[in-house]
>>> print(open('run36.pdb').read())   # PDB, C-alpha atoms and all ligand atoms
ATOM      1  CA  MET A   4     -88.841-126.806 -58.723
ATOM      2  CA  MET A   5     -92.183-126.195 -60.436
ATOM      3  CA  GLY A   6     -91.468-122.532 -60.569
ATOM      4  CA  LEU A   7     -88.126-123.178 -62.162
ATOM      5  CA  ASN A   8     -89.738-125.442 -64.798
ATOM      6  CA  THR A   9     -92.217-122.835 -65.884
ATOM      7  CA  GLY A  10     -89.264-120.573 -65.996
ATOM      8  CA  THR A  11     -87.578-122.819 -68.552
ATOM      9  CA  THR A  12     -90.650-122.995 -70.787
ATOM     10  CA  ASP A  13     -90.659-119.230 -70.843
ATOM     11  CA  LYS A  14     -87.046-119.111 -71.751
ATOM     12  CA  PRO A  15     -87.185-119.133 -75.558
ATOM     13  CA  LYS A  16     -89.549-116.184 -75.507
ATOM     14  CA  GLY A  17     -87.285-114.405 -73.085
ATOM     15  CA  GLN A  18     -84.314-115.029 -75.347
ATOM     16  CA  LEU A  19     -86.217-113.796 -78.335
ATOM     17  CA  MET A  20     -87.068-110.618 -76.467
ATOM     18  CA  GLN A  21     -83.489-110.210 -75.499
ATOM     19  CA  ARG A  22     -82.298-110.654 -79.039
ATOM     20  CA  ARG A  23     -84.813-108.154 -80.270
ATOM     21  CA  ASN A  24     -83.632-105.692 -77.662
ATOM     22  CA  VAL A  25     -80.045-106.187 -78.723
ATOM     23  CA  ALA A  26     -81.034-105.736 -82.363
ATOM     24  CA  GLN A  27     -82.949-102.589 -81.503
ATOM     25  CA  TRP A  28     -80.087-101.289 -79.474
ATOM     26  CA  ALA A  29     -77.608-102.038 -82.253
ATOM     27  CA  THR A  30     -79.771-100.321 -84.872
ATOM     28  CA  GLY A  31     -80.187 -97.366 -82.554
ATOM     29  CA  ALA A  32     -76.464 -97.175 -81.948
ATOM     30  CA  LEU A  33     -75.747 -97.446 -85.675
ATOM     31  CA  LEU A  34     -78.292 -94.769 -86.493
ATOM     32  CA  SER A  35     -76.954 -92.346 -83.944
ATOM     33  CA  LEU A  36     -73.427 -93.120 -85.108
ATOM     34  CA  SER A  37     -74.257 -92.374 -88.731
ATOM     35  CA  ALA A  38     -76.153 -89.295 -87.582
ATOM     36  CA  SER A  39     -73.109 -87.998 -85.757
ATOM     37  CA  VAL A  40     -70.894 -88.806 -88.742
ATOM     38  CA  ALA A  41     -73.273 -86.859 -90.973
ATOM     39  CA  LEU A  42     -73.214 -84.025 -88.456
ATOM     40  CA  ALA A  43     -69.450 -84.014 -88.362
ATOM     41  CA  ALA A  44     -69.362 -83.914 -92.138
ATOM     42  CA  GLY A  45     -71.469 -80.765 -92.075
ATOM     43  CA  ALA A  46     -74.018 -79.897 -94.693
ATOM     44  CA  SER A  47     -73.119 -81.062 -98.134
ATOM     45  CA  VAL A  48     -69.388 -81.041 -98.770
ATOM     46  CA  PRO A  49     -67.145 -84.050 -98.456
ATOM     47  CA  LEU A  50     -64.231 -83.200 -96.145
ATOM     48  CA  GLU A  51     -60.693 -83.014 -97.514
ATOM     49  CA  SER A  52     -57.769 -84.506 -95.616
ATOM     50  CA  PRO A  53     -54.638 -82.374 -95.347
ATOM     51  CA  ALA A  54     -51.238 -83.993 -94.764
ATOM     52  CA  ILE A  55     -50.938 -83.353 -91.031
ATOM     53  CA  ASP A  56     -47.524 -83.850 -89.433
ATOM     54  CA  THR A  57     -47.067 -82.269 -86.014
ATOM     55  CA  GLY A  58     -43.430 -83.371 -86.112
ATOM     56  CA  ASN A  59     -42.770 -80.866 -88.914
ATOM     57  CA  ILE A  60     -41.493 -77.875 -86.903
ATOM     58  CA  LYS A  61     -41.197 -75.558 -89.931
ATOM     59  CA  SER A  62     -44.823 -76.183 -90.864
ATOM     60  CA  LEU A  63     -45.888 -75.578 -87.246
ATOM     61  CA  GLN A  64     -43.964 -72.289 -87.166
ATOM     62  CA  ARG A  65     -45.673 -71.113 -90.349
ATOM     63  CA  GLY A  66     -49.045 -72.237 -89.010
ATOM     64  CA  ALA A  67     -48.452 -70.424 -85.721
ATOM     65  CA  GLN A  68     -47.628 -67.265 -87.656
ATOM     66  CA  VAL A  69     -50.981 -67.377 -89.437
ATOM     67  CA  PHE A  70     -52.767 -68.250 -86.217
ATOM     68  CA  VAL A  71     -51.411 -65.383 -84.096
ATOM     69  CA  ASN A  72     -51.778 -62.884 -86.954
ATOM     70  CA  HIS A  73     -55.195 -63.757 -88.286
ATOM     71  CA  CYS A  74     -57.117 -65.766 -85.710
ATOM     72  CA  MET A  75     -56.207 -64.504 -82.263
ATOM     73  CA  GLY A  76     -57.771 -61.115 -82.899
ATOM     74  CA  CYS A  77     -61.058 -62.881 -82.212
ATOM     75  CA  HIS A  78     -60.260 -66.374 -80.955
ATOM     76  CA  THR A  79     -58.436 -67.279 -77.803
ATOM     77  CA  ALA A  80     -56.372 -70.441 -77.238
ATOM     78  CA  ASP A  81     -55.811 -69.894 -73.558
ATOM     79  CA  TYR A  82     -55.215 -73.489 -72.507
ATOM     80  CA  HIS A  83     -51.780 -72.966 -73.978
ATOM     81  CA  ARG A  84     -48.851 -70.725 -73.066
ATOM     82  CA  TYR A  85     -46.588 -68.873 -75.500
ATOM     83  CA  SER A  86     -43.567 -70.242 -73.633
ATOM     84  CA  ARG A  87     -44.724 -73.800 -74.239
ATOM     85  CA  MET A  88     -45.294 -73.049 -77.900
ATOM     86  CA  ALA A  89     -41.829 -71.459 -78.129
ATOM     87  CA  ALA A  90     -40.171 -74.506 -76.569
ATOM     88  CA  ASP A  91     -42.038 -76.983 -78.761
ATOM     89  CA  LEU A  92     -41.499 -74.972 -81.948
ATOM     90  CA  ASP A  93     -37.788 -74.285 -81.398
ATOM     91  CA  LEU A  94     -38.281 -70.529 -81.006
ATOM     92  CA  THR A  95     -36.229 -68.255 -78.782
ATOM     93  CA  GLU A  96     -37.878 -65.866 -76.358
ATOM     94  CA  GLU A  97     -36.935 -62.882 -78.540
ATOM     95  CA  GLU A  98     -38.330 -64.472 -81.687
ATOM     96  CA  THR A  99     -41.550 -65.245 -79.860
ATOM     97  CA  LEU A 100     -41.933 -61.721 -78.494
ATOM     98  CA  GLU A 101     -41.131 -60.167 -81.837
ATOM     99  CA  ASN A 102     -43.069 -62.377 -84.236
ATOM    100  CA  PHE A 103     -45.748 -64.190 -82.294
ATOM    101  CA  ILE A 104     -47.135 -61.943 -79.564
ATOM    102  CA  PHE A 105     -49.354 -59.087 -80.702
ATOM    103  CA  THR A 106     -51.528 -58.632 -77.639
ATOM    104  CA  THR A 107     -51.126 -56.475 -74.568
ATOM    105  CA  ASP A 108     -51.890 -57.368 -70.986
ATOM    106  CA  LYS A 109     -54.077 -55.429 -68.558
ATOM    107  CA  SER A 110     -51.367 -52.879 -67.802
ATOM    108  CA  GLY A 111     -51.044 -52.127 -71.511
ATOM    109  CA  GLU A 112     -47.647 -53.784 -71.899
ATOM    110  CA  GLN A 113     -46.880 -56.474 -74.435
ATOM    111  CA  THR A 114     -48.095 -59.859 -73.236
ATOM    112  CA  LYS A 115     -45.309 -61.873 -71.564
ATOM    113  CA  VAL A 116     -43.872 -65.072 -73.034
ATOM    114  CA  GLY A 117     -45.103 -67.025 -70.012
ATOM    115  CA  SER A 118     -48.696 -65.906 -70.499
ATOM    116  CA  LEU A 119     -51.632 -67.885 -71.779
ATOM    117  CA  MET A 120     -52.498 -67.414 -75.449
ATOM    118  CA  GLU A 121     -55.456 -65.127 -74.799
ATOM    119  CA  SER A 122     -57.283 -63.093 -77.384
ATOM    120  CA  ALA A 123     -57.364 -59.336 -76.974
ATOM    121  CA  MET A 124     -61.093 -59.325 -77.699
ATOM    122  CA  THR A 125     -63.503 -59.490 -74.789
ATOM    123  CA  GLU A 126     -66.391 -61.957 -74.794
ATOM    124  CA  ASP A 127     -68.901 -59.104 -74.564
ATOM    125  CA  TYR A 128     -67.494 -57.452 -77.638
ATOM    126  CA  GLY A 129     -67.524 -60.775 -79.501
ATOM    127  CA  ARG A 130     -71.152 -61.336 -78.661
ATOM    128  CA  GLN A 131     -72.009 -57.816 -79.760
ATOM    129  CA  ALA A 132     -70.110 -57.963 -83.030
ATOM    130  CA  PHE A 133     -70.871 -61.523 -84.152
ATOM    131  CA  GLY A 134     -73.877 -62.629 -82.126
ATOM    132  CA  VAL A 135     -71.734 -65.427 -80.675
ATOM    133  CA  VAL A 136     -68.460 -65.425 -78.805
ATOM    134  CA  PRO A 137     -65.751 -66.766 -81.148
ATOM    135  CA  PRO A 138     -64.940 -70.121 -79.542
ATOM    136  CA  ASN A 139     -61.638 -71.072 -77.946
ATOM    137  CA  LEU A 140     -59.634 -72.817 -80.676
ATOM    138  CA  ALA A 141     -57.163 -74.697 -78.484
ATOM    139  CA  LEU A 142     -59.039 -78.009 -78.716
ATOM    140  CA  THR A 143     -60.984 -77.575 -81.958
ATOM    141  CA  ALA A 144     -58.735 -80.044 -83.800
ATOM    142  CA  ARG A 145     -60.115 -82.659 -81.425
ATOM    143  CA  SER A 146     -63.750 -81.596 -81.289
ATOM    144  CA  ARG A 147     -64.169 -80.920 -85.012
ATOM    145  CA  GLY A 148     -61.212 -82.832 -86.429
ATOM    146  CA  THR A 149     -58.436 -81.571 -88.708
ATOM    147  CA  ASP A 150     -60.302 -82.471 -91.932
ATOM    148  CA  TRP A 151     -63.189 -80.304 -90.812
ATOM    149  CA  ILE A 152     -60.966 -77.310 -89.994
ATOM    150  CA  TYR A 153     -59.051 -77.616 -93.271
ATOM    151  CA  THR A 154     -62.171 -77.858 -95.420
ATOM    152  CA  TYR A 155     -63.921 -75.137 -93.384
ATOM    153  CA  MET A 156     -61.089 -72.679 -94.056
ATOM    154  CA  LYS A 157     -61.381 -73.425 -97.784
ATOM    155  CA  SER A 158     -65.159 -73.236 -98.012
ATOM    156  CA  PHE A 159     -66.040 -69.581 -97.480
ATOM    157  CA  TYR A 160     -67.984 -68.162-100.406
ATOM    158  CA  ILE A 161     -69.909 -65.097-101.481
ATOM    159  CA  ASP A 162     -73.568 -65.431-100.616
ATOM    160  CA  GLU A 163     -75.650 -62.409-101.569
ATOM    161  CA  GLU A 164     -78.671 -63.881 -99.837
ATOM    162  CA  ARG A 165     -76.968 -63.378 -96.508
ATOM    163  CA  GLY A 166     -77.482 -59.775 -95.592
ATOM    164  CA  GLY A 167     -74.734 -57.986 -93.726
ATOM    165  CA  VAL A 168     -71.687 -60.172 -94.064
ATOM    166  CA  GLY A 169     -72.586 -61.511 -97.508
ATOM    167  CA  VAL A 170     -70.397 -64.538 -96.828
ATOM    168  CA  ASN A 171     -71.331 -68.089 -96.068
ATOM    169  CA  ASN A 172     -69.532 -71.360 -95.498
ATOM    170  CA  LYS A 173     -70.294 -74.725 -97.087
ATOM    171  CA  VAL A 174     -68.966 -76.743 -94.160
ATOM    172  CA  TYR A 175     -70.624 -74.620 -91.494
ATOM    173  CA  PRO A 176     -73.659 -72.997 -93.142
ATOM    174  CA  GLY A 177     -74.691 -69.767 -91.481
ATOM    175  CA  ALA A 178     -71.376 -69.381 -89.636
ATOM    176  CA  ALA A 179     -70.955 -65.986 -87.987
ATOM    177  CA  MET A 180     -67.262 -65.884 -88.888
ATOM    178  CA  PRO A 181     -66.175 -63.644 -91.759
ATOM    179  CA  HIS A 182     -63.750 -64.930 -94.400
ATOM    180  CA  VAL A 183     -60.701 -63.514 -92.623
ATOM    181  CA  LEU A 184     -58.186 -64.882 -95.146
ATOM    182  CA  TRP A 185     -59.949 -63.522 -98.236
ATOM    183  CA  GLU A 186     -56.980 -61.383 -99.221
ATOM    184  CA  TYR A 187     -54.920 -64.532 -99.721
ATOM    185  CA  GLN A 188     -57.550 -66.821-101.208
ATOM    186  CA  GLY A 189     -59.645 -64.319-103.113
ATOM    187  CA  TRP A 190     -63.407 -64.819-103.447
ATOM    188  CA  GLN A 191     -65.134 -67.915-104.677
ATOM    189  CA  LYS A 192     -68.624 -68.936-105.683
ATOM    190  CA  PRO A 193     -70.206 -72.368-105.476
ATOM    191  CA  ILE A 194     -71.042 -74.232-108.677
ATOM    192  CA  TYR A 195     -74.221 -76.297-108.796
ATOM    193  CA  GLU A 196     -75.400 -78.847-111.309
ATOM    194  CA  THR A 197     -78.928 -80.020-111.724
ATOM    195  CA  GLU A 198     -79.216 -83.772-111.359
ATOM    196  CA  THR A 199     -82.369 -85.716-112.012
ATOM    197  CA  LYS A 200     -83.012 -88.779-109.937
ATOM    198  CA  ASP A 201     -86.338 -90.661-110.108
ATOM    199  CA  GLY A 202     -87.867 -87.679-111.870
ATOM    200  CA  VAL A 203     -86.864 -85.270-109.108
ATOM    201  CA  GLU A 204     -84.511 -82.459-109.969
ATOM    202  CA  THR A 205     -81.989 -81.459-107.340
ATOM    203  CA  GLU A 206     -79.222 -78.904-107.297
ATOM    204  CA  VAL A 207     -75.975 -80.639-106.429
ATOM    205  CA  PHE A 208     -72.929 -78.728-105.163
ATOM    206  CA  LYS A 209     -69.973 -79.419-107.464
ATOM    207  CA  GLY A 210     -67.192 -77.307-106.007
ATOM    208  CA  PHE A 211     -66.055 -73.713-106.099
ATOM    209  CA  GLU A 212     -65.078 -71.289-108.819
ATOM    210  CA  LEU A 213     -62.609 -68.513-108.055
ATOM    211  CA  ILE A 214     -64.205 -65.260-109.213
ATOM    212  CA  SER A 215     -61.549 -62.866-107.953
ATOM    213  CA  GLU A 216     -57.996 -63.915-107.282
ATOM    214  CA  GLY A 217     -56.224 -63.419-104.015
ATOM    215  CA  THR A 218     -52.540 -62.709-103.461
ATOM    216  CA  MET A 219     -51.845 -66.451-103.337
ATOM    217  CA  THR A 220     -52.351 -69.172-105.917
ATOM    218  CA  PRO A 221     -54.860 -71.869-104.873
ATOM    219  CA  GLU A 222     -51.909 -74.224-104.196
ATOM    220  CA  GLU A 223     -50.179 -71.675-101.958
ATOM    221  CA  TYR A 224     -53.430 -71.073-100.101
ATOM    222  CA  ASP A 225     -53.911 -74.836 -99.584
ATOM    223  CA  ASP A 226     -50.367 -75.060 -98.207
ATOM    224  CA  MET A 227     -51.013 -72.205 -95.812
ATOM    225  CA  ILE A 228     -54.226 -73.810 -94.560
ATOM    226  CA  THR A 229     -52.400 -77.135 -94.154
ATOM    227  CA  ASP A 230     -49.797 -75.407 -91.954
ATOM    228  CA  LEU A 231     -52.533 -73.644 -90.002
ATOM    229  CA  THR A 232     -54.455 -76.891 -89.475
ATOM    230  CA  ASN A 233     -51.220 -78.608 -88.502
ATOM    231  CA  PHE A 234     -50.598 -75.951 -85.871
ATOM    232  CA  MET A 235     -54.130 -76.378 -84.521
ATOM    233  CA  ALA A 236     -53.555 -80.149 -84.361
ATOM    234  CA  TYR A 237     -50.429 -79.434 -82.313
ATOM    235  CA  LEU A 238     -52.365 -77.047 -80.036
ATOM    236  CA  ALA A 239     -54.961 -79.711 -79.337
ATOM    237  CA  ASP A 240     -52.361 -82.349 -78.463
ATOM    238  CA  PRO A 241     -49.018 -80.687 -77.671
ATOM    239  CA  ILE A 242     -47.529 -83.752 -75.996
ATOM    240  CA  LYS A 243     -48.034 -86.049 -79.013
ATOM    241  CA  GLN A 244     -44.461 -85.911 -80.360
ATOM    242  CA  GLU A 245     -43.051 -86.467 -76.870
ATOM    243  CA  ARG A 246     -45.402 -89.421 -76.429
ATOM    244  CA  LEU A 247     -44.266 -90.953 -79.712
ATOM    245  CA  ARG A 248     -40.613 -90.426 -78.782
ATOM    246  CA  ILE A 249     -40.931 -91.984 -75.336
ATOM    247  CA  GLY A 250     -43.210 -94.709 -76.680
ATOM    248  CA  PHE A 251     -40.522 -95.770 -79.155
ATOM    249  CA  TRP A 252     -37.922 -96.288 -76.417
ATOM    250  CA  VAL A 253     -40.428 -98.043 -74.151
ATOM    251  CA  MET A 254     -41.294-100.502 -76.925
ATOM    252  CA  LEU A 255     -37.601-101.058 -77.641
ATOM    253  CA  PHE A 256     -36.937-101.697 -73.957
ATOM    254  CA  LEU A 257     -39.832-104.149 -73.715
ATOM    255  CA  LEU A 258     -38.599-105.959 -76.811
ATOM    256  CA  GLY A 259     -35.088-106.227 -75.319
ATOM    257  CA  MET A 260     -36.527-107.499 -72.049
ATOM    258  CA  ALA A 261     -38.635-110.074 -73.909
ATOM    259  CA  VAL A 262     -35.501-111.492 -75.550
ATOM    260  CA  LEU A 263     -33.631-111.537 -72.237
ATOM    261  CA  THR A 264     -36.524-113.242 -70.469
ATOM    262  CA  TRP A 265     -36.713-115.857 -73.161
ATOM    263  CA  PHE A 266     -33.023-116.745 -72.645
ATOM    264  CA  LEU A 267     -33.590-116.785 -68.892
ATOM    265  CA  LYS A 268     -36.462-119.222 -69.342
ATOM    266  CA  GLN A 269     -34.267-121.476 -71.501
ATOM    267  CA  GLU A 270     -31.686-121.404 -68.744
ATOM    268  CA  TYR A 271     -34.172-122.319 -65.985
ATOM    269  CA  TRP A 272     -35.830-125.144 -67.917
ATOM    270  CA  LYS A 273     -32.592-126.607 -69.232
ATOM    271  CA  ASP A 274     -32.253-129.240 -66.498
ATOM    272  CA  ILE A 275     -35.959-129.844 -65.891
ATOM    273  CA  LYS A 276     -36.754-130.692 -69.509
ATOM    274  CA  LYS A 277     -34.093-133.405 -69.724
TER
HETATM  275  C1  LIG B 301     -63.342 -61.385 -86.954
HETATM  276  C2  LIG B 301     -63.356 -62.393 -85.944
HETATM  277  C3  LIG B 301     -62.787 -63.750 -86.286
HETATM  278  C4  LIG B 301     -61.526 -64.029 -86.774
HETATM  279  C5  LIG B 301     -60.406 -63.065 -87.061
HETATM  280  C6  LIG B 301     -61.465 -65.462 -86.893
HETATM  281  N1  LIG B 301     -62.650 -66.036 -86.512
HETATM  282 FE1  LIG B 301     -63.053 -68.002 -86.442
HETATM  283  N2  LIG B 301     -64.908 -67.629 -85.734
HETATM  284  C7  LIG B 301     -65.409 -66.368 -85.476
HETATM  285  C8  LIG B 301     -66.773 -66.494 -84.987
HETATM  286  C9  LIG B 301     -67.695 -65.355 -84.579
HETATM  287  C10 LIG B 301     -67.052 -67.881 -84.946
HETATM  288  C11 LIG B 301     -68.346 -68.554 -84.486
HETATM  289  C12 LIG B 301     -69.131 -68.930 -85.706
HETATM  290  C13 LIG B 301     -70.482 -69.513 -85.382
HETATM  291  O1  LIG B 301     -70.571 -70.338 -84.470
HETATM  292  O2  LIG B 301     -71.437 -69.142 -86.069
HETATM  293  C14 LIG B 301     -65.852 -68.557 -85.427
HETATM  294  C15 LIG B 301     -65.752 -69.937 -85.547
HETATM  295  C16 LIG B 301     -64.610 -70.593 -85.945
HETATM  296  C17 LIG B 301     -64.469 -72.038 -86.031
HETATM  297  C18 LIG B 301     -65.529 -73.060 -85.698
HETATM  298  C19 LIG B 301     -65.286 -73.535 -84.309
HETATM  299  C20 LIG B 301     -66.325 -74.482 -83.828
HETATM  300  O3  LIG B 301     -65.945 -75.505 -83.236
HETATM  301  O4  LIG B 301     -67.527 -74.194 -84.023
HETATM  302  C21 LIG B 301     -63.197 -72.305 -86.452
HETATM  303  C22 LIG B 301     -62.565 -73.655 -86.698
HETATM  304  C23 LIG B 301     -62.554 -71.033 -86.643
HETATM  305  N3  LIG B 301     -63.429 -70.024 -86.320
HETATM  306  C24 LIG B 301     -61.261 -70.891 -87.087
HETATM  307  C25 LIG B 301     -60.636 -69.684 -87.284
HETATM  308  C26 LIG B 301     -59.289 -69.559 -87.766
HETATM  309  C27 LIG B 301     -58.367 -70.731 -88.100
HETATM  310  C28 LIG B 301     -59.027 -68.230 -87.853
HETATM  311  C29 LIG B 301     -57.754 -67.595 -88.331
HETATM  312  C30 LIG B 301     -57.359 -67.860 -89.683
HETATM  313  C31 LIG B 301     -60.231 -67.518 -87.411
HETATM  314  N4  LIG B 301     -61.184 -68.431 -87.074
HETATM  315  C32 LIG B 301     -60.338 -66.129 -87.350
HETATM  316  C33 LIG B 301     -64.767 -65.157 -85.654
HETATM  317  C34 LIG B 301     -63.483 -65.021 -86.125
END
>>> encode(input="run36.pdb", output="structure tokens", more="lines below")
Ligand code: HEC
Amino acid sequence: MMGLNTGTTDKPKGQLMQRRNVAQWATGALLSLSASVALAAGASVPLESPAIDTGNIKSLQRGAQVFVNHCMGCHTADYHRYSRMAADLDLTEEETLENFIFTTDKSGEQTKVGSLMESAMTEDYGRQAFGVVPPNLALTARSRGTDWIYTYMKSFYIDEERGGVGVNNKVYPGAAMPHVLWEYQGWQKPIYETETKDGVETEVFKGFELISEGTMTPEEYDDMITDLTNFMAYLADPIKQERLRIGFWVMLFLLGMAVLTWFLKQEYWKDIKK
């Protein structure tokens, strides 16, 4: 009993310690959370949010077109099959073979519709050419998020300080990827303004200026990147539309059952309540 009593006198201190630990833990968690948010947001640009709708088949088809034409030369998406894409995007086998498959398999023949969406580039070549292997893009919409991808594809700019490629990216500074869609977007340069805060002058990034036009207007380019991002969102979660569709009927069923059960309950309790 004595032991227990001393235990109780110690208790407030113990509680205090506990509270402090919780507070420390919470601050730690908050800090790491904000750190990861800052990391996700990249260096200095706020991320833009495109209007993503993976139920929009036409947009997905256009996005897929850009993806197979301009991205799969370097990037693979081999968690996904062309046949699955064709089924989800309302494409026939012929359309898929003709417009969406530009790679060949090991025997030199055109890749089959049932094959995985593999890039033609080998990892060794990628490492040699870019210093890093271009990552698999099948799940990037989940790891980076669609806002990140959208803003990334709009944030390539001319950077003379970078030898070799001469291109940099505001969202992913120092990225080894060239601006593969430059023909459409044209070339842009960042605009900075000097802001003085507490007597310290800093250069603040204010957006981009188009210095040579591409074949598309900025609006058309934005639309294309929205479609592309939409397609990558689909790639990262191909079952989403199906899930929504089934989920709707499940909820409707449950609602119907709830009503039925309520009437059943009324029926059972009718005599008891009297
Ligand atoms: C010429 C080769 C090449 C082409 C074509 C290409 N990329 Fe890349 N991409 C790369 C390389 C290399 C990296 C790795 C960059 C790094 O980590 O520094 C990369 C990285 C990326 C990343 C960042 C992924 C991550 O999680 O770090 C995204 C997103 C991306 N590419 C999207 C695209 C899209 C969309 C297209 C098609 C419009 C495309 N890429 C076409 C070479 C390419």
>>> residues_around(input="run36.pdb", residues="A:Thr125", least_positions_apart="3", cutoff="9 Å", atoms="all atoms listed in the file", output="ChimeraX atom specification")
/A:77,122,128-130,136
>>> residues_around(input="run36.pdb", residues="A:Ala89", least_positions_apart="2", cutoff="10 Å", atoms="all atoms listed in the file", output="PDB file with C-alpha atoms, in the coordinates of the input")
ATOM      1  CA  GLN A  64     -43.964 -72.289 -87.166  1.00  0.00           C
ATOM      2  CA  ARG A  84     -48.851 -70.725 -73.066  1.00  0.00           C
ATOM      3  CA  TYR A  85     -46.588 -68.873 -75.500  1.00  0.00           C
ATOM      4  CA  SER A  86     -43.567 -70.242 -73.633  1.00  0.00           C
ATOM      5  CA  ARG A  87     -44.724 -73.800 -74.239  1.00  0.00           C
ATOM      6  CA  ASP A  91     -42.038 -76.983 -78.761  1.00  0.00           C
ATOM      7  CA  LEU A  92     -41.499 -74.972 -81.948  1.00  0.00           C
ATOM      8  CA  ASP A  93     -37.788 -74.285 -81.398  1.00  0.00           C
ATOM      9  CA  LEU A  94     -38.281 -70.529 -81.006  1.00  0.00           C
ATOM     10  CA  THR A  95     -36.229 -68.255 -78.782  1.00  0.00           C
ATOM     11  CA  GLU A  96     -37.878 -65.866 -76.358  1.00  0.00           C
ATOM     12  CA  GLU A  97     -36.935 -62.882 -78.540  1.00  0.00           C
ATOM     13  CA  GLU A  98     -38.330 -64.472 -81.687  1.00  0.00           C
ATOM     14  CA  THR A  99     -41.550 -65.245 -79.860  1.00  0.00           C
ATOM     15  CA  LEU A 100     -41.933 -61.721 -78.494  1.00  0.00           C
ATOM     16  CA  PHE A 103     -45.748 -64.190 -82.294  1.00  0.00           C
ATOM     17  CA  VAL A 116     -43.872 -65.072 -73.034  1.00  0.00           C
ATOM     18  CA  GLY A 117     -45.103 -67.025 -70.012  1.00  0.00           C
TER      19      GLY A 117
END
>>> residues_near_ligand(input="run36.pdb", ligand="ligand LIG 301 (chain B)", cutoff="10 Å", atoms="all atoms listed in the file", output="MDAnalysis selection string")
chainID A and resid 66 68:79 124 129:149 151:156 172 174:185 227:228 231:232 234:235
>>> atom_distance(input="run36.pdb", atom1="atom CA of A:Leu247", atom2="atom CA of A:Trp265")
26.8 Å
>>> residues_around(input="run36.pdb", residues="A:Tyr187", least_positions_apart="6", cutoff="10 Å", atoms="all atoms listed in the file", output="NGL selection string")
:A and (216-221 or 223-224 or 227)
>>> write_last_selection(input="run36.pdb", atoms="C-alpha atoms", output="short mmCIF file (atom, residue, chain, number, x, y, z; two decimals), keeping the file's coordinate frame")
data_model
loop_
_atom_site.label_atom_id
_atom_site.label_comp_id
_atom_site.auth_asym_id
_atom_site.auth_seq_id
_atom_site.Cartn_x
_atom_site.Cartn_y
_atom_site.Cartn_z
CA GLU A 216 -58.00 -63.92 -107.28
CA GLY A 217 -56.22 -63.42 -104.02
CA THR A 218 -52.54 -62.71 -103.46
CA MET A 219 -51.84 -66.45 -103.34
CA THR A 220 -52.35 -69.17 -105.92
CA PRO A 221 -54.86 -71.87 -104.87
CA GLU A 223 -50.18 -71.68 -101.96
CA TYR A 224 -53.43 -71.07 -100.10
CA MET A 227 -51.01 -72.20 -95.81
#
>>> residues_around(input="run36.pdb", residues="stretch 49-57 of chain A", least_positions_apart="3", cutoff="6 Å", atoms="all atoms listed in the file", output="list in words")
Asp150, Thr154, Thr229, Asn233 and Tyr237 of chain A
>>> closest_residue(input="run36.pdb", among="A:Ile161, A:Asp230, A:Asn171, A:Met120", to="A:Arg65", atoms="only C-alpha atoms")
A:Asp230
